[in-house]
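upload_33.txt follows (compact mmCIF, C-alpha atoms):
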```
# COMPACT_ATOMS: atom_id res chain seq x y z
CA MET A 1486 116.73 100.33 88.04
CA ARG A 1487 115.46 99.23 91.42
CA ARG A 1488 112.32 97.16 91.05
CA ARG A 1489 109.38 97.49 93.37
CA ARG A 1490 106.95 94.79 94.38
CA LEU A 1491 103.42 95.44 95.53
CA THR A 1492 101.07 92.76 96.81
CA PHE A 1493 97.55 92.54 95.43
CA VAL A 1494 94.57 90.48 96.49
CA LEU A 1495 92.19 89.35 93.74
CA LEU A 1496 89.17 87.35 94.88
CA GLY A 1497 91.09 86.07 97.88
CA ILE A 1498 94.17 85.01 95.91
CA ILE A 1499 97.40 86.85 96.63
CA ALA A 1500 99.59 87.65 93.64
CA ILE A 1501 102.95 89.39 93.85
CA LEU A 1502 103.81 91.50 90.82
CA ALA A 1503 107.14 93.10 89.95
CA VAL A 1504 106.58 96.76 89.13
CA PRO A 1505 109.14 99.27 87.79
CA ALA A 1506 110.19 101.93 90.29
CA LEU A 1507 108.56 105.31 89.81
CA SER A 1508 110.27 108.63 89.37
CA GLY A 1509 109.03 111.86 90.91
CA ALA A 1510 105.29 111.99 91.51
CA ALA A 1511 104.28 109.92 88.48
CA PRO A 1512 101.94 107.23 89.84
CA ILE A 1513 101.63 105.09 86.72
CA PRO A 1514 104.72 103.56 85.10
CA GLY A 1515 104.99 103.66 81.33
CA THR A 1516 104.50 99.92 81.01
CA ILE A 1517 100.84 99.93 82.07
CA ILE A 1518 99.14 99.75 78.68
CA THR A 1519 97.26 96.44 78.86
CA SER A 1520 94.42 94.92 80.85
CA THR A 1521 96.89 93.51 83.39
CA GLY A 1522 97.45 97.08 84.50
CA PHE A 1523 94.38 97.23 86.74
CA PHE A 1524 95.78 94.52 89.01
CA ARG A 1525 98.24 97.12 90.32
CA PHE A 1526 96.58 100.29 89.08
CA CYS A 1527 95.06 101.66 92.29
CA ALA A 1528 97.99 100.73 94.51
CA GLU A 1529 100.27 102.57 92.09
CA GLY A 1530 97.84 105.49 92.01
CA GLN A 1531 97.97 105.71 95.81
CA ILE A 1532 101.61 106.77 95.61
CA GLY A 1533 100.80 109.87 93.58
CA ILE A 1534 97.53 110.69 95.33
CA ALA A 1535 99.11 110.78 98.80
CA ASN A 1536 102.58 111.92 97.65
CA ILE A 1537 104.10 108.82 99.22
CA ASP A 1538 107.82 108.93 100.00
CA THR A 1539 108.75 105.72 98.17
CA SER A 1540 111.95 105.35 100.21
CA LYS A 1541 109.67 104.35 103.10
CA LEU A 1542 108.23 101.36 101.20
CA VAL A 1543 109.49 97.86 102.00
CA GLU A 1544 110.88 97.31 98.52
CA ASN A 1545 113.17 100.30 99.04
CA GLY A 1546 114.28 99.33 102.53
CA GLY A 1547 111.40 100.96 104.43
CA ASP A 1548 108.58 99.57 106.57
CA PHE A 1549 105.38 100.30 104.63
CA THR A 1550 103.49 98.41 101.92
CA ILE A 1551 100.56 99.28 99.65
CA THR A 1552 98.07 96.56 98.73
CA GLY A 1553 95.05 96.43 96.46
CA THR A 1554 91.88 94.34 96.50
CA VAL A 1555 90.04 94.08 93.16
CA TYR A 1556 86.32 93.38 93.61
CA LYS A 1557 84.40 91.47 90.97
CA ASP A 1558 81.01 92.38 92.44
CA GLU A 1559 80.11 96.06 92.30
CA SER A 1560 77.98 95.97 95.46
CA ASP A 1561 80.93 94.49 97.36
CA PHE A 1562 83.14 97.27 96.06
CA VAL A 1563 80.64 99.94 97.11
CA PHE A 1564 80.65 98.49 100.63
CA SER A 1565 84.45 98.33 100.75
CA LYS A 1566 86.66 101.07 102.17
CA SER A 1567 90.28 102.05 101.73
CA ALA A 1568 92.02 101.52 105.05
CA VAL A 1569 95.24 100.98 106.99
CA VAL A 1570 96.58 98.02 108.94
CA THR A 1571 98.73 99.68 111.55
CA SER A 1572 100.49 96.59 112.90
CA ALA A 1573 101.63 95.64 109.39
CA LYS A 1574 102.20 99.26 108.29
CA LYS A 1575 100.01 98.57 105.28
CA ILE A 1576 97.83 100.89 103.19
CA SER A 1577 94.91 98.99 101.66
CA THR A 1578 93.27 100.24 98.46
CA THR A 1579 90.26 98.73 96.69
CA ALA A 1580 89.32 98.68 93.01
CA TYR A 1581 86.45 97.88 90.69
CA VAL A 1582 86.85 97.52 86.92
CA GLN A 1583 83.97 98.37 84.59
CA TYR A 1584 84.01 96.68 81.18
CA GLU A 1585 82.69 97.40 77.71
CA ASN A 1586 81.52 93.84 77.17
CA ASN A 1587 79.69 91.12 79.06
CA ASP A 1588 82.66 88.76 78.68
CA LEU A 1589 84.66 91.09 80.95
CA THR A 1590 87.63 91.15 78.59
CA LYS A 1591 87.65 94.84 77.63
CA PRO A 1592 88.18 97.13 80.63
CA LYS A 1593 86.84 100.65 80.23
CA LEU A 1594 86.87 102.45 83.59
CA ILE A 1595 88.69 101.75 86.85
CA ARG A 1596 87.33 102.96 90.17
CA CYS A 1597 89.97 103.32 92.90
CA LYS A 1598 89.46 103.86 96.63
CA MET A 1599 92.63 105.27 98.17
CA ARG A 1600 93.78 107.24 101.25
CA THR A 1601 94.52 110.95 101.62
CA GLY A 1602 98.07 111.97 102.44
CA GLU A 1603 96.97 113.97 105.48
CA SER A 1604 95.36 110.89 107.07
CA LEU A 1605 98.49 108.76 107.16
CA ASN A 1606 99.87 110.14 110.43
CA LYS A 1607 96.50 110.42 112.16
CA GLY A 1608 95.49 108.05 114.96
CA ASN A 1609 92.51 105.90 115.92
CA TRP A 1610 88.85 106.66 115.38
CA PRO A 1611 86.85 107.67 118.48
CA ASN A 1612 86.31 104.81 120.94
CA GLY A 1613 83.46 102.52 119.99
CA THR A 1614 83.48 103.44 116.29
CA THR A 1615 83.55 100.48 113.90
CA TYR A 1616 82.88 99.70 110.26
CA GLY A 1617 81.93 96.61 108.29
CA ASN A 1618 81.18 92.95 108.90
CA GLY A 1619 83.14 89.82 108.02
CA ARG A 1620 85.56 90.42 105.18
CA PHE A 1621 84.65 94.12 105.02
CA VAL A 1622 85.82 94.98 108.54
CA VAL A 1623 88.54 97.62 108.57
CA GLU A 1624 90.77 98.71 111.41
CA PRO A 1625 89.28 101.71 113.27
CA ALA A 1626 92.18 104.02 112.48
CA TRP A 1627 92.67 106.84 110.00
CA GLY A 1628 96.40 106.30 109.75
CA PHE A 1629 99.54 105.12 111.50
CA GLY A 1630 99.82 107.85 114.12
CA SER A 1631 103.32 109.24 114.61
CA ALA A 1632 104.74 106.20 112.78
CA GLY A 1633 103.26 107.73 109.62
CA ASP A 1634 105.10 111.04 109.97
CA GLY A 1635 106.84 111.81 106.69
CA LEU A 1636 105.14 108.99 104.79
CA SER A 1637 103.48 111.69 102.70
CA THR A 1638 105.90 114.31 101.43
CA SER A 1639 103.07 116.83 101.05
CA PRO A 1640 100.27 115.87 103.44
CA SER A 1641 98.45 119.18 103.12
CA THR A 1642 97.94 118.82 99.35
CA ASP A 1643 96.96 115.54 97.72
CA GLY A 1644 97.75 114.63 94.15
CA THR A 1645 94.87 114.50 91.68
CA CYS A 1646 93.00 111.88 89.71
CA GLN A 1647 93.69 114.10 86.69
CA SER A 1648 97.42 113.46 87.10
CA ILE A 1649 96.86 109.70 87.02
CA ASN A 1650 94.80 110.05 83.84
CA GLN A 1651 97.52 112.21 82.28
CA ASN A 1652 100.11 109.56 83.06
CA THR A 1653 97.86 106.99 81.43
CA ILE A 1654 97.68 109.15 78.29
CA ASN A 1655 101.47 109.47 78.26
CA SER A 1656 101.93 105.72 78.73
CA VAL A 1657 99.43 104.63 76.11
CA TRP A 1658 100.52 107.23 73.54
CA GLY A 1659 104.12 106.18 74.08
CA SER A 1660 103.19 102.57 73.30
CA LEU A 1661 101.88 103.40 69.81
CA THR A 1662 103.95 103.12 66.66
CA ASN A 1663 104.52 106.22 64.54
CA THR A 1664 102.05 104.84 62.01
CA GLU A 1665 99.41 104.42 64.73
CA LYS A 1666 100.05 107.91 66.07
CA ASN A 1667 99.68 109.46 62.62
CA ALA A 1668 96.37 107.66 62.10
CA ALA A 1669 94.97 108.32 65.59
CA PRO A 1670 91.68 110.28 65.68
CA TYR A 1671 92.86 112.19 68.76
CA ASN A 1672 96.25 113.69 69.48
CA PRO A 1673 97.68 114.65 72.92
CA THR A 1674 100.76 116.40 71.52
CA ALA A 1675 101.32 120.07 70.69
CA SER A 1676 101.95 119.32 67.00
CA ASN A 1677 99.38 118.59 64.30
CA LEU A 1678 99.42 115.04 62.95
CA PRO A 1679 97.83 113.61 59.78
CA GLY A 1680 94.92 112.07 61.67
CA ALA A 1681 94.20 114.78 64.24
CA SER A 1682 95.06 118.34 65.18
CA ALA A 1683 97.26 119.15 68.15
CA ASN A 1684 95.86 118.96 71.69
CA THR A 1685 92.73 117.03 70.80
CA LEU A 1686 93.21 114.56 73.66
CA VAL A 1687 93.31 116.26 77.05
CA THR A 1688 92.58 115.74 80.72
CA VAL A 1689 90.24 118.03 82.62
CA ALA A 1690 90.12 118.98 86.28
CA ASP A 1691 88.56 116.52 88.72
CA THR A 1692 84.90 116.90 89.58
CA VAL A 1693 85.10 116.61 93.36
CA VAL A 1694 82.19 115.31 95.44
CA GLY A 1695 81.95 114.82 99.18
CA VAL A 1696 79.71 111.78 99.71
CA GLY A 1697 79.60 108.22 98.39
CA PRO A 1698 76.16 108.39 96.71
CA SER A 1699 77.47 111.23 94.54
CA TRP A 1700 80.56 109.24 93.51
CA THR A 1701 79.06 105.85 92.65
CA PRO A 1702 76.68 106.73 89.74
CA PRO A 1703 77.85 105.93 86.19
CA VAL A 1704 80.42 108.23 84.63
CA ALA A 1705 81.96 108.34 81.15
CA ALA A 1706 85.55 107.20 80.72
CA ILE A 1707 86.11 109.71 77.89
CA ASN A 1708 83.86 112.60 76.85
CA THR A 1709 83.97 114.61 73.64
CA ASN A 1710 83.80 118.38 73.32
CA GLY A 1711 83.64 119.10 69.63
CA ALA A 1712 86.77 117.58 68.08
CA VAL A 1713 88.47 117.19 71.46
CA ALA A 1714 88.40 114.03 73.59
CA GLU A 1715 88.38 114.93 77.28
CA ILE A 1716 89.32 112.56 80.09
CA GLY A 1717 87.96 113.63 83.43
CA SER A 1718 87.53 112.01 86.82
CA ARG A 1719 84.88 112.08 89.48
CA ALA A 1720 86.84 112.34 92.72
CA LEU A 1721 85.69 111.94 96.29
CA VAL A 1722 87.86 113.54 98.96
CA ALA A 1723 87.04 113.43 102.67
CA THR A 1724 89.75 114.57 105.06
CA THR A 1725 89.94 113.39 108.66
CA ASN A 1726 87.64 115.03 111.22
CA SER A 1727 85.55 116.46 108.38
CA SER A 1728 82.30 114.61 109.12
CA THR A 1729 80.47 112.59 111.74
CA ALA A 1730 81.48 109.29 110.09
CA PRO A 1731 85.13 108.46 110.93
CA TYR A 1732 85.11 105.37 108.68
CA PHE A 1733 84.49 107.64 105.71
CA GLU A 1734 87.23 110.15 106.51
CA GLY A 1735 90.69 109.97 104.98
CA ALA A 1736 89.19 108.76 101.69
CA HIS A 1737 90.43 109.84 98.26
CA TYR A 1738 88.55 108.06 95.48
CA CYS A 1739 88.98 108.36 91.70
CA THR A 1740 87.27 107.19 88.52
CA LEU A 1741 90.00 106.60 85.93
CA VAL A 1742 90.12 105.68 82.27
CA ALA A 1743 91.32 102.13 81.67
CA PRO A 1744 94.53 102.12 79.60
CA GLU A 1745 93.19 99.50 77.19
CA PHE A 1746 90.04 101.50 76.48
CA LEU A 1747 92.09 104.60 75.76
CA LYS A 1748 94.29 102.59 73.42
CA ARG A 1749 91.27 101.24 71.54
CA VAL A 1750 89.97 104.79 71.13
CA LEU A 1751 93.32 105.96 69.77
CA LEU A 1752 93.43 103.03 67.35
CA GLY A 1753 89.96 103.97 66.09
CA GLU A 1754 88.43 100.69 67.26
CA VAL A 1755 85.82 102.35 69.52
CA SER A 1756 84.46 105.84 70.07
CA PRO A 1757 84.86 107.81 73.30
CA SER A 1758 82.12 107.11 75.83
```

Output the file's structure as structure tokens, nothing else.
Amino acid sequence: MRRRRLTFVLLGIIAILAVPALSGAAPIPGTIITSTGFFRFCAEGQIGIANIDTSKLVENGGDFTITGTVYKDESDFVFSKSAVVTSAKKISTTAYVQYENNDLTKPKLIRCKMRTGESLNKGNWPNGTTYGNGRFVVEPAWGFGSAGDGLSTSPSTDGTCQSINQNTINSVWGSLTNTEKNAAPYNPTASNLPGASANTLVTVADTVVGVGPSWTPPVAAINTNGAVAEIGSRALVATTNSSTAPYFEGAHYCTLVAPEFLKRVLLGEVSPS
């Protein structure tokens, strides 16, 4: 299998990680089941959200790369924006990981700021428009112009945060032993198991908002509806030329369950929350 490498920036340190190639539109490979997953989580998610043609990525002989910056400080993350670097043909995503514990060892929810597929072949913002100061400055461009033609295989219809969460369910469930599956309090399969009835772990459609202040408030990683555990996402989608703030347009943000938290829930170590 061809292996793909994505570059990630964590607190100013660049780390290159080898990541299995993806098939179809699945944004999260089956190996992401531990806390190390969030280092590449949002950059992987960008592929499915924008329906990226992976043959155009550098690791497959193309020209484009996807990077991710993980912010430790929440206020820094709020100020950050997903962006492009046109000269380097780079899509930049940002991430913030929320934890269950003060020691920051048990990730619970991952917030990802990504780009819409339709923005990738758009051009520069209006003259004089800027965003950010210092390390938060982003290039005043929605996308790569004509160089981005075909980078998204379906620019008129983005993927969903729900699809990323479903892939996380598939990955984490697939990592469990048969004994663990039989004892799990929730069950994503269509067959009843000793510990839980069929279809008691599901994803639900994204709750889509249009402005940042509606996206940033706290949100549960997993809700319960009777005996069913439901994984939803608060999504923010702002297409280009949809507002009076160009720096905000072309954004597709997701709140996503952390794979390790989902695994702890399935092992009965914690309750959904």

Discussion item. If I take atom CA of A:Arg1620 and atom CA of A:Ser1565, how far is one from the other in Å, to one decimal?
Written reply: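 Going from atom CA of A:Arg1620 over to atom CA of A:Ser1565, I get 9.1 Å.
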
Worksheet item: Using all atoms listed in the file, which residue out of A:Asn1655, A:Asn1606, A:Thr1550, A:Ser1682 lies closest to A:Asn1667?
Response: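 Smallest distance to A:Asn1667 is found for A:Ser1682.
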
Discussion item. Which residue is closest to A:Gly1753? Choose from A:Val1713, A:Ala1668, A:Val1555, A:Ala1730 and count only C-alpha atoms.
Written reply: A:Ala1668

Worksheet item: Can you tell me how far atom CA of A:Gly1695 sits from atom CA of A:Asn1612, in Å to one decimal?
Response: 24.3 Å

Discussion item. Ranking A:Gly1613, A:Pro1703, A:Gly1547, A:Pro1679 by minimum distance to A:Gly1635 and counting all atoms listed in the file, which one comes first?
Written reply: A:Gly1547

Practice prompt. Tell me which protein, DNA and RNA residues are within 6 Å of stretch 1523-1535 of chain A, counting all atoms listed in the file, leaving out same-chain ones fewer than 6 positions away, and put them as a ChimeraX atom specification.
Written response: /A:1510,1512,1551-1553,1597,1599,1601-1602,1637,1643-1645

Worksheet item: Near A:Asn1672, within 7 Å and counting only C-alpha atoms, which residues show up once chain neighbours fewer than 3 positions away are dropped, as a PyMOL selection string?
Response: chain A and resi 1669+1681-1686

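Atom CA of A:Leu1542 lies 13.2 Å from atom CA of A:Thr1638.
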
Worksheet item: With only C-alpha atoms as the atoms that count, which of A:Ile1707, A:Ile1537, A:Leu1741, A:Val1693 lies nearest to A:Ala1723?
Response: A:Val1693
